[in-house]
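Here is the file data30.pdb (PDB, C-alpha atoms, pLDDT in the B column).
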ATOM      1  CA  MET A  17      88.458  92.975  84.413  1.00 39.00           C
ATOM      2  CA  SER A  18      88.701  96.078  82.240  1.00 39.00           C
ATOM      3  CA  VAL A  19      86.594  99.095  83.149  1.00 43.00           C
ATOM      4  CA  HIS A  20      84.780 100.564  80.174  1.00 45.00           C
ATOM      5  CA  PRO A  21      83.959 104.278  79.828  1.00 48.00           C
ATOM      6  CA  ALA A  22      81.089 105.404  81.987  1.00 50.00           C
ATOM      7  CA  ALA A  23      77.754 106.476  80.594  1.00 54.00           C
ATOM      8  CA  PRO A  24      77.955 110.110  79.365  1.00 55.00           C
ATOM      9  CA  SER A  25      74.787 110.998  81.267  1.00 69.00           C
ATOM     10  CA  LEU A  26      76.522 110.242  84.563  1.00 69.00           C
ATOM     11  CA  ASP A  27      79.645 112.161  83.580  1.00 73.00           C
ATOM     12  CA  LEU A  28      77.499 115.217  82.914  1.00 80.00           C
ATOM     13  CA  LEU A  29      76.448 115.265  86.560  1.00 82.00           C
ATOM     14  CA  ARG A  30      79.895 115.099  88.128  1.00 82.00           C
ATOM     15  CA  GLU A  31      81.172 118.622  87.483  1.00 84.00           C
ATOM     16  CA  PRO A  32      77.964 120.478  88.497  1.00 88.00           C
ATOM     17  CA  ILE A  33      77.945 118.554  91.783  1.00 84.00           C
ATOM     18  CA  ALA A  34      81.650 119.257  92.343  1.00 87.00           C
ATOM     19  CA  ALA A  35      81.057 122.961  91.623  1.00 90.00           C
ATOM     20  CA  LEU A  36      78.215 123.145  94.130  1.00 85.00           C
ATOM     21  CA  LEU A  37      80.358 121.432  96.763  1.00 87.00           C
ATOM     22  CA  ARG A  38      83.109 124.040  96.205  1.00 90.00           C
ATOM     23  CA  ASP A  39      80.638 126.904  96.486  1.00 88.00           C
ATOM     24  CA  PRO A  40      80.723 128.376 100.032  1.00 92.00           C
ATOM     25  CA  ALA A  41      77.065 129.326  99.636  1.00 93.00           C
ATOM     26  CA  THR A  42      76.049 125.669  99.510  1.00 93.00           C
ATOM     27  CA  GLY A  43      74.525 124.851 102.875  1.00 92.00           C
ATOM     28  CA  HIS A  44      75.389 121.823 105.003  1.00 87.00           C
ATOM     29  CA  GLY A  45      72.153 119.966 104.258  1.00 89.00           C
ATOM     30  CA  LEU A  46      72.521 120.298 100.497  1.00 90.00           C
ATOM     31  CA  ALA A  47      76.253 119.509 100.643  1.00 84.00           C
ATOM     32  CA  ARG A  48      75.542 116.303 102.539  1.00 84.00           C
ATOM     33  CA  THR A  49      72.979 115.242  99.955  1.00 87.00           C
ATOM     34  CA  LEU A  50      75.343 116.116  97.120  1.00 87.00           C
ATOM     35  CA  ARG A  51      78.171 114.053  98.619  1.00 87.00           C
ATOM     36  CA  ALA A  52      75.846 111.069  98.952  1.00 86.00           C
ATOM     37  CA  THR A  53      74.696 111.592  95.368  1.00 88.00           C
ATOM     38  CA  ALA A  54      78.279 111.774  94.130  1.00 87.00           C
ATOM     39  CA  LYS A  55      79.031 108.445  95.833  1.00 87.00           C
ATOM     40  CA  GLU A  56      75.988 106.832  94.236  1.00 90.00           C
ATOM     41  CA  ILE A  57      77.023 108.185  90.833  1.00 89.00           C
ATOM     42  CA  GLU A  58      80.501 106.705  91.225  1.00 89.00           C
ATOM     43  CA  THR A  59      79.015 103.358  92.280  1.00 91.00           C
ATOM     44  CA  SER A  60      76.669 103.459  89.305  1.00 91.00           C
ATOM     45  CA  ARG A  61      79.529 104.242  86.910  1.00 89.00           C
ATOM     46  CA  TYR A  62      81.430 101.147  88.002  1.00 92.00           C
ATOM     47  CA  HIS A  63      78.277  99.031  87.929  1.00 94.00           C
ATOM     48  CA  GLN A  64      77.302 100.193  84.439  1.00 91.00           C
ATOM     49  CA  ALA A  65      80.780  99.407  83.151  1.00 91.00           C
ATOM     50  CA  SER A  66      80.547  95.864  84.497  1.00 94.00           C
ATOM     51  CA  SER A  67      76.962  95.519  83.251  1.00 93.00           C
ATOM     52  CA  ARG A  68      78.087  96.321  79.730  1.00 92.00           C
ATOM     53  CA  ALA A  69      80.763  93.657  80.003  1.00 93.00           C
ATOM     54  CA  TRP A  70      78.241  91.117  81.343  1.00 94.00           C
ATOM     55  CA  PRO A  71      74.821  92.193  79.965  1.00 94.00           C
ATOM     56  CA  ASN A  72      73.106  89.015  81.198  1.00 95.00           C
ATOM     57  CA  SER A  73      74.217  89.746  84.790  1.00 95.00           C
ATOM     58  CA  ARG A  74      76.204  86.508  84.866  1.00 97.00           C
ATOM     59  CA  ILE A  75      79.980  86.635  84.676  1.00 97.00           C
ATOM     60  CA  ALA A  76      81.876  83.976  82.731  1.00 95.00           C
ATOM     61  CA  THR A  77      83.851  82.621  85.676  1.00 93.00           C
ATOM     62  CA  THR A  78      82.285  80.431  88.378  1.00 97.00           C
ATOM     63  CA  PRO A  79      84.184  81.045  91.631  1.00 98.00           C
ATOM     64  CA  GLU A  80      83.467  78.528  94.375  1.00 98.00           C
ATOM     65  CA  ARG A  81      84.263  80.903  97.253  1.00 98.00           C
ATOM     66  CA  VAL A  82      83.069  84.499  97.141  1.00 98.00           C
ATOM     67  CA  GLN A  83      83.395  87.514  99.420  1.00 98.00           C
ATOM     68  CA  ILE A  84      80.816  90.289  99.166  1.00 98.00           C
ATOM     69  CA  GLY A  85      81.747  93.876 100.040  1.00 95.00           C
ATOM     70  CA  GLY A  86      85.160  93.069 101.463  1.00 91.00           C
ATOM     71  CA  GLY A  87      86.775  96.384 100.573  1.00 84.00           C
ATOM     72  CA  ALA A  88      90.500  96.244 101.249  1.00 85.00           C
ATOM     73  CA  HIS A  89      90.142  93.103 103.404  1.00 88.00           C
ATOM     74  CA  ARG A  90      91.212  90.290 101.106  1.00 90.00           C
ATOM     75  CA  ILE A  91      90.747  86.590 101.880  1.00 94.00           C
ATOM     76  CA  ASP A  92      93.050  84.071 100.253  1.00 92.00           C
ATOM     77  CA  GLY A  93      91.179  81.963  97.732  1.00 96.00           C
ATOM     78  CA  PHE A  94      88.050  84.160  97.664  1.00 97.00           C
ATOM     79  CA  PHE A  95      86.677  86.083  94.681  1.00 97.00           C
ATOM     80  CA  ASN A  96      85.768  89.563  95.922  1.00 96.00           C
ATOM     81  CA  ILE A  97      82.725  91.437  94.593  1.00 97.00           C
ATOM     82  CA  ASP A  98      82.300  95.046  95.684  1.00 96.00           C
ATOM     83  CA  ALA A  99      80.740  98.258  94.409  1.00 93.00           C
ATOM     84  CA  VAL A 100      84.042 100.158  94.368  1.00 89.00           C
ATOM     85  CA  PRO A 101      87.742  99.254  94.003  1.00 91.00           C
ATOM     86  CA  PRO A 102      89.648  97.242  94.990  1.00 91.00           C
ATOM     87  CA  ALA A 103      87.713  94.142  93.961  1.00 94.00           C
ATOM     88  CA  ASP A 104      87.891  91.290  91.505  1.00 95.00           C
ATOM     89  CA  LEU A 105      84.560  92.458  90.120  1.00 96.00           C
ATOM     90  CA  LEU A 106      82.949  95.891  90.492  1.00 96.00           C
ATOM     91  CA  TRP A 107      79.225  95.357  90.912  1.00 97.00           C
ATOM     92  CA  ASP A 108      76.383  96.943  92.857  1.00 97.00           C
ATOM     93  CA  ILE A 109      75.025  94.002  94.851  1.00 97.00           C
ATOM     94  CA  ARG A 110      71.755  95.847  95.374  1.00 97.00           C
ATOM     95  CA  GLU A 111      71.073  94.966  91.717  1.00 97.00           C
ATOM     96  CA  GLY A 112      71.664  91.244  92.262  1.00 97.00           C
ATOM     97  CA  ILE A 113      74.612  88.841  92.407  1.00 98.00           C
ATOM     98  CA  PRO A 114      76.162  88.334  88.933  1.00 98.00           C
ATOM     99  CA  LEU A 115      76.887  84.636  89.399  1.00 98.00           C
ATOM    100  CA  HIS A 116      75.345  81.492  87.939  1.00 98.00           C
ATOM    101  CA  ASP A 117      72.736  79.409  89.745  1.00 98.00           C
ATOM    102  CA  ALA A 118      74.061  76.798  92.184  1.00 98.00           C
ATOM    103  CA  SER A 119      77.702  77.645  91.472  1.00 98.00           C
ATOM    104  CA  VAL A 120      79.111  78.880  94.819  1.00 98.00           C
ATOM    105  CA  GLN A 121      80.041  76.685  97.754  1.00 98.00           C
ATOM    106  CA  LEU A 122      80.832  79.408 100.292  1.00 98.00           C
ATOM    107  CA  MET A 123      79.833  83.078 100.372  1.00 98.00           C
ATOM    108  CA  PHE A 124      81.123  85.448 103.051  1.00 98.00           C
ATOM    109  CA  SER A 125      80.454  89.020 104.114  1.00 98.00           C
ATOM    110  CA  GLU A 126      81.063  91.036 107.260  1.00 97.00           C
ATOM    111  CA  HIS A 127      79.981  94.557 108.127  1.00 95.00           C
ATOM    112  CA  PHE A 128      78.334  94.876 104.733  1.00 96.00           C
ATOM    113  CA  LEU A 129      74.653  94.118 105.241  1.00 97.00           C
ATOM    114  CA  GLU A 130      73.985  97.110 107.509  1.00 96.00           C
ATOM    115  CA  HIS A 131      75.079  99.473 104.730  1.00 94.00           C
ATOM    116  CA  ILE A 132      72.354  98.544 102.204  1.00 96.00           C
ATOM    117  CA  ASP A 133      68.688  99.474 102.406  1.00 95.00           C
ATOM    118  CA  TYR A 134      66.159  97.268 104.179  1.00 96.00           C
ATOM    119  CA  PRO A 135      63.908  95.611 103.186  1.00 97.00           C
ATOM    120  CA  ARG A 136      64.239  95.769  99.389  1.00 97.00           C
ATOM    121  CA  SER A 137      67.993  95.416  98.809  1.00 98.00           C
ATOM    122  CA  VAL A 138      68.674  93.277 101.881  1.00 98.00           C
ATOM    123  CA  LYS A 139      65.960  90.737 101.118  1.00 98.00           C
ATOM    124  CA  HIS A 140      66.914  90.696  97.444  1.00 98.00           C
ATOM    125  CA  TYR A 141      70.515  89.968  98.434  1.00 98.00           C
ATOM    126  CA  ALA A 142      69.439  87.096 100.702  1.00 98.00           C
ATOM    127  CA  ARG A 143      67.351  85.528  97.914  1.00 98.00           C
ATOM    128  CA  GLU A 144      70.182  85.978  95.412  1.00 98.00           C
ATOM    129  CA  ALA A 145      72.670  84.358  97.781  1.00 98.00           C
ATOM    130  CA  HIS A 146      70.354  81.376  98.096  1.00 98.00           C
ATOM    131  CA  ARG A 147      70.092  81.168  94.299  1.00 98.00           C
ATOM    132  CA  VAL A 148      73.833  81.129  93.589  1.00 98.00           C
ATOM    133  CA  LEU A 149      74.785  78.662  96.346  1.00 98.00           C
ATOM    134  CA  THR A 150      75.079  74.968  95.614  1.00 98.00           C
ATOM    135  CA  ASP A 151      72.960  72.463  97.530  1.00 97.00           C
ATOM    136  CA  GLY A 152      74.689  72.289 100.893  1.00 97.00           C
ATOM    137  CA  GLY A 153      76.428  75.607 100.234  1.00 98.00           C
ATOM    138  CA  GLN A 154      76.926  78.070 103.062  1.00 98.00           C
ATOM    139  CA  LEU A 155      76.480  81.814 103.517  1.00 98.00           C
ATOM    140  CA  VAL A 156      78.452  83.354 106.414  1.00 98.00           C
ATOM    141  CA  THR A 157      77.373  86.834 107.479  1.00 98.00           C
ATOM    142  CA  GLY A 158      78.764  89.109 110.204  1.00 98.00           C
ATOM    143  CA  VAL A 159      77.292  92.444 111.293  1.00 97.00           C
ATOM    144  CA  PRO A 160      77.505  94.803 114.269  1.00 94.00           C
ATOM    145  CA  ASP A 161      75.413  93.203 117.007  1.00 95.00           C
ATOM    146  CA  ALA A 162      72.675  95.577 118.111  1.00 95.00           C
ATOM    147  CA  ALA A 163      71.661  93.170 120.897  1.00 95.00           C
ATOM    148  CA  PHE A 164      75.172  93.315 122.355  1.00 92.00           C
ATOM    149  CA  LEU A 165      74.858  97.059 122.711  1.00 90.00           C
ATOM    150  CA  LEU A 166      71.269  97.133 123.931  1.00 92.00           C
ATOM    151  CA  ARG A 167      71.920  94.542 126.650  1.00 91.00           C
ATOM    152  CA  HIS A 168      74.146  97.078 128.414  1.00 88.00           C
ATOM    153  CA  TYR A 169      71.846 100.088 128.108  1.00 89.00           C
ATOM    154  CA  PRO A 170      71.176 102.399 129.911  1.00 85.00           C
ATOM    155  CA  ALA A 171      74.596 102.477 131.511  1.00 77.00           C
ATOM    156  CA  ASN A 172      77.810 100.523 131.614  1.00 82.00           C
ATOM    157  CA  PRO A 173      80.571 103.167 131.622  1.00 78.00           C
ATOM    158  CA  GLU A 174      83.474 100.748 131.364  1.00 82.00           C
ATOM    159  CA  LEU A 175      81.987  98.945 128.387  1.00 83.00           C
ATOM    160  CA  ALA A 176      81.021 102.240 126.758  1.00 83.00           C
ATOM    161  CA  ALA A 177      84.607 103.456 126.991  1.00 84.00           C
ATOM    162  CA  GLU A 178      85.845 100.220 125.410  1.00 87.00           C
ATOM    163  CA  MET A 179      83.322 100.538 122.590  1.00 83.00           C
ATOM    164  CA  VAL A 180      84.450 104.062 121.818  1.00 83.00           C
ATOM    165  CA  GLU A 181      88.101 103.003 121.805  1.00 84.00           C
ATOM    166  CA  ARG A 182      87.525  99.967 119.586  1.00 85.00           C
ATOM    167  CA  TRP A 183      85.011 101.432 117.163  1.00 81.00           C
ATOM    168  CA  TYR A 184      85.507 105.177 116.947  1.00 79.00           C
ATOM    169  CA  SER A 185      88.959 106.198 118.209  1.00 78.00           C
ATOM    170  CA  LYS A 186      90.160 106.940 114.665  1.00 78.00           C
ATOM    171  CA  ARG A 187      86.968 108.567 113.444  1.00 75.00           C
ATOM    172  CA  ASP A 188      86.153 112.269 113.066  1.00 74.00           C
ATOM    173  CA  CYS A 189      82.913 111.733 114.997  1.00 73.00           C
ATOM    174  CA  LEU A 190      84.686 110.849 118.255  1.00 75.00           C
ATOM    175  CA  GLY A 191      83.865 114.189 119.899  1.00 79.00           C
ATOM    176  CA  ASP A 192      80.169 113.702 119.177  1.00 80.00           C
ATOM    177  CA  ILE A 193      79.827 110.449 121.148  1.00 81.00           C
ATOM    178  CA  ASN A 194      79.098 111.658 124.659  1.00 80.00           C
ATOM    179  CA  THR A 195      76.471 109.268 126.028  1.00 85.00           C
ATOM    180  CA  PHE A 196      75.596 105.596 125.813  1.00 87.00           C
ATOM    181  CA  LEU A 197      72.619 106.493 123.627  1.00 89.00           C
ATOM    182  CA  ASP A 198      75.041 108.105 121.159  1.00 85.00           C
ATOM    183  CA  LEU A 199      76.721 104.700 120.834  1.00 85.00           C
ATOM    184  CA  ILE A 200      73.356 103.078 120.163  1.00 88.00           C
ATOM    185  CA  ASN A 201      72.543 105.685 117.539  1.00 87.00           C
ATOM    186  CA  TYR A 202      75.858 105.116 115.781  1.00 81.00           C
ATOM    187  CA  THR A 203      75.172 101.379 115.654  1.00 82.00           C
ATOM    188  CA  PHE A 204      71.716 101.871 114.167  1.00 88.00           C
ATOM    189  CA  ARG A 205      72.235 105.019 112.088  1.00 85.00           C
ATOM    190  CA  ASP A 206      75.950 105.796 111.797  1.00 80.00           C
ATOM    191  CA  GLN A 207      76.024 108.992 109.744  1.00 72.00           C
ATOM    192  CA  ASP A 208      79.666 110.051 109.950  1.00 64.00           C
ATOM    193  CA  ASP A 209      79.867 113.032 107.613  1.00 61.00           C
ATOM    194  CA  THR A 210      82.862 112.001 105.497  1.00 64.00           C
ATOM    195  CA  PRO A 211      83.074 111.347 101.741  1.00 61.00           C
ATOM    196  CA  ASN A 212      84.493 107.849 102.191  1.00 65.00           C
ATOM    197  CA  TYR A 213      82.011 106.439 104.696  1.00 72.00           C
ATOM    198  CA  THR A 214      78.724 104.657 103.986  1.00 82.00           C
ATOM    199  CA  PRO A 215      75.994 105.126 106.629  1.00 88.00           C
ATOM    200  CA  HIS A 216      74.339 102.330 108.555  1.00 91.00           C
ATOM    201  CA  LEU A 217      70.799 101.814 107.249  1.00 93.00           C
ATOM    202  CA  TRP A 218      69.531  98.953 109.441  1.00 95.00           C
ATOM    203  CA  ALA A 219      70.552  97.203 112.656  1.00 95.00           C
ATOM    204  CA  TYR A 220      70.733  93.444 113.195  1.00 97.00           C
ATOM    205  CA  ASP A 221      70.983  90.826 115.890  1.00 97.00           C
ATOM    206  CA  GLU A 222      71.063  87.036 115.681  1.00 98.00           C
ATOM    207  CA  GLU A 223      67.265  86.734 115.664  1.00 98.00           C
ATOM    208  CA  ARG A 224      66.924  89.251 112.817  1.00 98.00           C
ATOM    209  CA  LEU A 225      69.553  87.416 110.709  1.00 98.00           C
ATOM    210  CA  ILE A 226      67.927  84.027 111.343  1.00 98.00           C
ATOM    211  CA  HIS A 227      64.554  85.364 110.232  1.00 98.00           C
ATOM    212  CA  LEU A 228      66.038  87.080 107.148  1.00 98.00           C
ATOM    213  CA  PHE A 229      67.823  84.028 105.778  1.00 98.00           C
ATOM    214  CA  THR A 230      65.119  81.535 106.764  1.00 98.00           C
ATOM    215  CA  GLU A 231      62.608  83.666 104.876  1.00 98.00           C
ATOM    216  CA  ALA A 232      64.949  83.561 101.846  1.00 98.00           C
ATOM    217  CA  GLY A 233      64.765  79.760 101.807  1.00 98.00           C
ATOM    218  CA  PHE A 234      67.841  78.618 103.718  1.00 98.00           C
ATOM    219  CA  ARG A 235      67.477  75.243 105.427  1.00 98.00           C
ATOM    220  CA  THR A 236      69.194  76.203 108.702  1.00 98.00           C
ATOM    221  CA  VAL A 237      70.667  79.385 110.162  1.00 98.00           C
ATOM    222  CA  GLU A 238      72.843  79.141 113.247  1.00 98.00           C
ATOM    223  CA  PRO A 239      75.724  80.918 115.059  1.00 98.00           C
ATOM    224  CA  TRP A 240      79.061  80.722 113.254  1.00 98.00           C
ATOM    225  CA  ASP A 241      82.286  79.836 115.050  1.00 96.00           C
ATOM    226  CA  PHE A 242      84.547  82.803 114.341  1.00 97.00           C
ATOM    227  CA  ASP A 243      87.424  81.892 112.016  1.00 97.00           C
ATOM    228  CA  ALA A 244      90.209  84.481 111.880  1.00 95.00           C
ATOM    229  CA  THR A 245      91.586  82.997 108.663  1.00 94.00           C
ATOM    230  CA  MET A 246      88.429  84.246 106.973  1.00 95.00           C
ATOM    231  CA  ALA A 247      86.972  87.042 109.091  1.00 96.00           C
ATOM    232  CA  ASN A 248      88.713  90.214 110.229  1.00 93.00           C
ATOM    233  CA  PRO A 249      89.797  89.760 113.904  1.00 93.00           C
ATOM    234  CA  LYS A 250      89.290  93.487 114.506  1.00 90.00           C
ATOM    235  CA  ARG A 251      85.573  93.041 113.865  1.00 91.00           C
ATOM    236  CA  GLN A 252      84.894  90.072 116.117  1.00 94.00           C
ATOM    237  CA  TRP A 253      84.253  92.091 119.271  1.00 92.00           C
ATOM    238  CA  GLY A 254      80.686  93.407 119.387  1.00 92.00           C
ATOM    239  CA  SER A 255      79.622  91.586 116.210  1.00 96.00           C
ATOM    240  CA  VAL A 256      77.300  88.666 115.504  1.00 97.00           C
ATOM    241  CA  TYR A 257      78.054  86.031 112.857  1.00 98.00           C
ATOM    242  CA  VAL A 258      75.700  83.376 111.493  1.00 98.00           C
ATOM    243  CA  VAL A 259      76.029  80.653 108.884  1.00 98.00           C
ATOM    244  CA  ALA A 260      73.017  79.991 106.641  1.00 98.00           C
ATOM    245  CA  LYS A 261      73.014  76.561 104.985  1.00 98.00           C
ATOM    246  CA  LYS A 262      71.135  75.807 101.791  1.00 97.00           C
TER     247      LYS A 262
END

Starting from the coordinates I provided, produce the structure as structure tokens.
Amino acid sequence: MSVHPAAPSLDLLREPIAALLRDPATGHGLARTLRATAKEIETSRYHQASSRAWPNSRIATTPERVQIGGGAHRIDGFFNIDAVPPADLLWDIREGIPLHDASVQLMFSEHFLEHIDYPRSVKHYAREAHRVLTDGGQLVTGVPDAAFLLRHYPANPELAAEMVERWYSKRDCLGDINTFLDLINYTFRDQDDTPNYTPHLWAYDEERLIHLFTEAGFRTVEPWDFDATMANPKRQWGSVYVVAKK
């Protein structure tokens, strides 16, 4: 889809924020807030462009298989909706899912849900997913498994070392993970201070996912048999996946 010019009001904010971030007098706390604000502005610019193209919040096409928040991980045959490029549609899912009622057969997301605010955006997303799925449609969701981590607390040095290697070996925060509790904190509240990373805002386990999607109206919610043709194999370890059926 074409991206239309952003709202002038948002453009007016970009340069003052950039100037403050370049200013050595800007303290760490303010700089962190400004970086987060800049990311939200960029997300809003993309969302507003798409909203102007589809003012009724319903796109013209009716994809049967949809991926939410896939980033660079593409799935053959899936229509990808994300807040930032690359995606087939740029849309802020916190504002709803821009698809028609009962039009999707399969919706998939992994390591997305923990990055949006709970309860408002998360519960809204669950209700919207239920709305757009056909009768018998399925929602597959994968997230970091907080229960997996907590089962091994307070100490399992070998597992902790494997977690660090799998999850954080390429991250700037590696030197700040020194104890098992640090690992738990990164699962619940990952706050890696980089411009391209989105913090974790809520933690999940199988029970929490079952309750979330049951509350949204899904008929059954049960463990999902991992399928590497759909999900990212690098994310299987230490994650929990469920399938919610309408």

With the file shown as input, list the residues that the PyMOL selection byres ((chain A and resi 142) around 9) selects, as a compact mmCIF listing (two decimals) with C-alpha atoms, in the frame of the given file.
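Saved the output as result-v1.txt:
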# COMPACT_ATOMS: atom_id res chain seq x y z
CA SER A 137 67.99 95.42 98.81
CA VAL A 138 68.67 93.28 101.88
CA LYS A 139 65.96 90.74 101.12
CA HIS A 140 66.91 90.70 97.44
CA TYR A 141 70.52 89.97 98.43
CA ARG A 143 67.35 85.53 97.91
CA GLU A 144 70.18 85.98 95.41
CA ALA A 145 72.67 84.36 97.78
CA HIS A 146 70.35 81.38 98.10
CA ARG A 147 70.09 81.17 94.30
CA LEU A 228 66.04 87.08 107.15
CA PHE A 229 67.82 84.03 105.78
CA GLU A 231 62.61 83.67 104.88
CA ALA A 232 64.95 83.56 101.85
CA GLY A 233 64.76 79.76 101.81

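Across the structure, CA of Asp221 (chain A) and CA of Pro239 (chain A) are spaced 11.0 Å apart.
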
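Each of A:Glu181, A:Glu222, A:Asp108, A:Asp117 was checked against Phe164 (chain A) using all atoms listed in the file; the smallest atom-to-atom distance is that of A:Glu222.
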
### Query
Counting all atoms listed in the file, what is within 8 Å of Gln83 (chain A), bar same-chain residues fewer than 2 positions away, as a ChimeraX atom specification?
/A:81,85-86,91,94-97,123-125

### Query
Suppose you want the space between CA of Lys262 (chain A) and CA of Thr236 (chain A); what is it in Å?
7.2 Å

Could you write out as a PDB file with C-alpha atoms, in the coordinates of the input the residues that the PyMOL selection byres ((chain A and resi 75) around 10) matches in the shown file?
ATOM      1  CA  SER A  66      80.547  95.864  84.497  1.00 94.00           C
ATOM      2  CA  SER A  67      76.962  95.519  83.251  1.00 93.00           C
ATOM      3  CA  ALA A  69      80.763  93.657  80.003  1.00 93.00           C
ATOM      4  CA  TRP A  70      78.241  91.117  81.343  1.00 94.00           C
ATOM      5  CA  PRO A  71      74.821  92.193  79.965  1.00 94.00           C
ATOM      6  CA  ASN A  72      73.106  89.015  81.198  1.00 95.00           C
ATOM      7  CA  SER A  73      74.217  89.746  84.790  1.00 95.00           C
ATOM      8  CA  ARG A  74      76.204  86.508  84.866  1.00 97.00           C
ATOM      9  CA  ALA A  76      81.876  83.976  82.731  1.00 95.00           C
ATOM     10  CA  THR A  77      83.851  82.621  85.676  1.00 93.00           C
ATOM     11  CA  THR A  78      82.285  80.431  88.378  1.00 97.00           C
ATOM     12  CA  PRO A  79      84.184  81.045  91.631  1.00 98.00           C
ATOM     13  CA  LEU A 105      84.560  92.458  90.120  1.00 96.00           C
ATOM     14  CA  ILE A 113      74.612  88.841  92.407  1.00 98.00           C
ATOM     15  CA  PRO A 114      76.162  88.334  88.933  1.00 98.00           C
ATOM     16  CA  LEU A 115      76.887  84.636  89.399  1.00 98.00           C
ATOM     17  CA  HIS A 116      75.345  81.492  87.939  1.00 98.00           C
TER      18      HIS A 116
END

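Our summary of the geometry notes that CA of Arg68 (chain A) is positioned 26.8 Å from CA of Leu122 (chain A).
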
### Task
Output the residue selection produced by the PyMOL selection byres ((chain A and resi 261) around 9) on the file above, formatted as a PyMOL selection string.
chain A and resi 146+151-156+234-238+259-260+262

### Task
Pick out the residues sitting within 12 Å of Ala163 (chain A), and hand them over as a list in words; count all atoms listed in the file, and ignore anything fewer than 5 positions along from it in its own chain.
His168, Tyr169, Ile200, Thr203, Phe204, Ala219, Tyr220, Asp221, Glu222, Glu223, Arg224, Leu225, Gly254, Ser255 and Val256 of chain A

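Proximity ranking of A:Leu106, A:Val120, A:Leu37, A:Leu217 relative to Thr59 (chain A) places A:Leu106 first, based on only C-alpha atoms.
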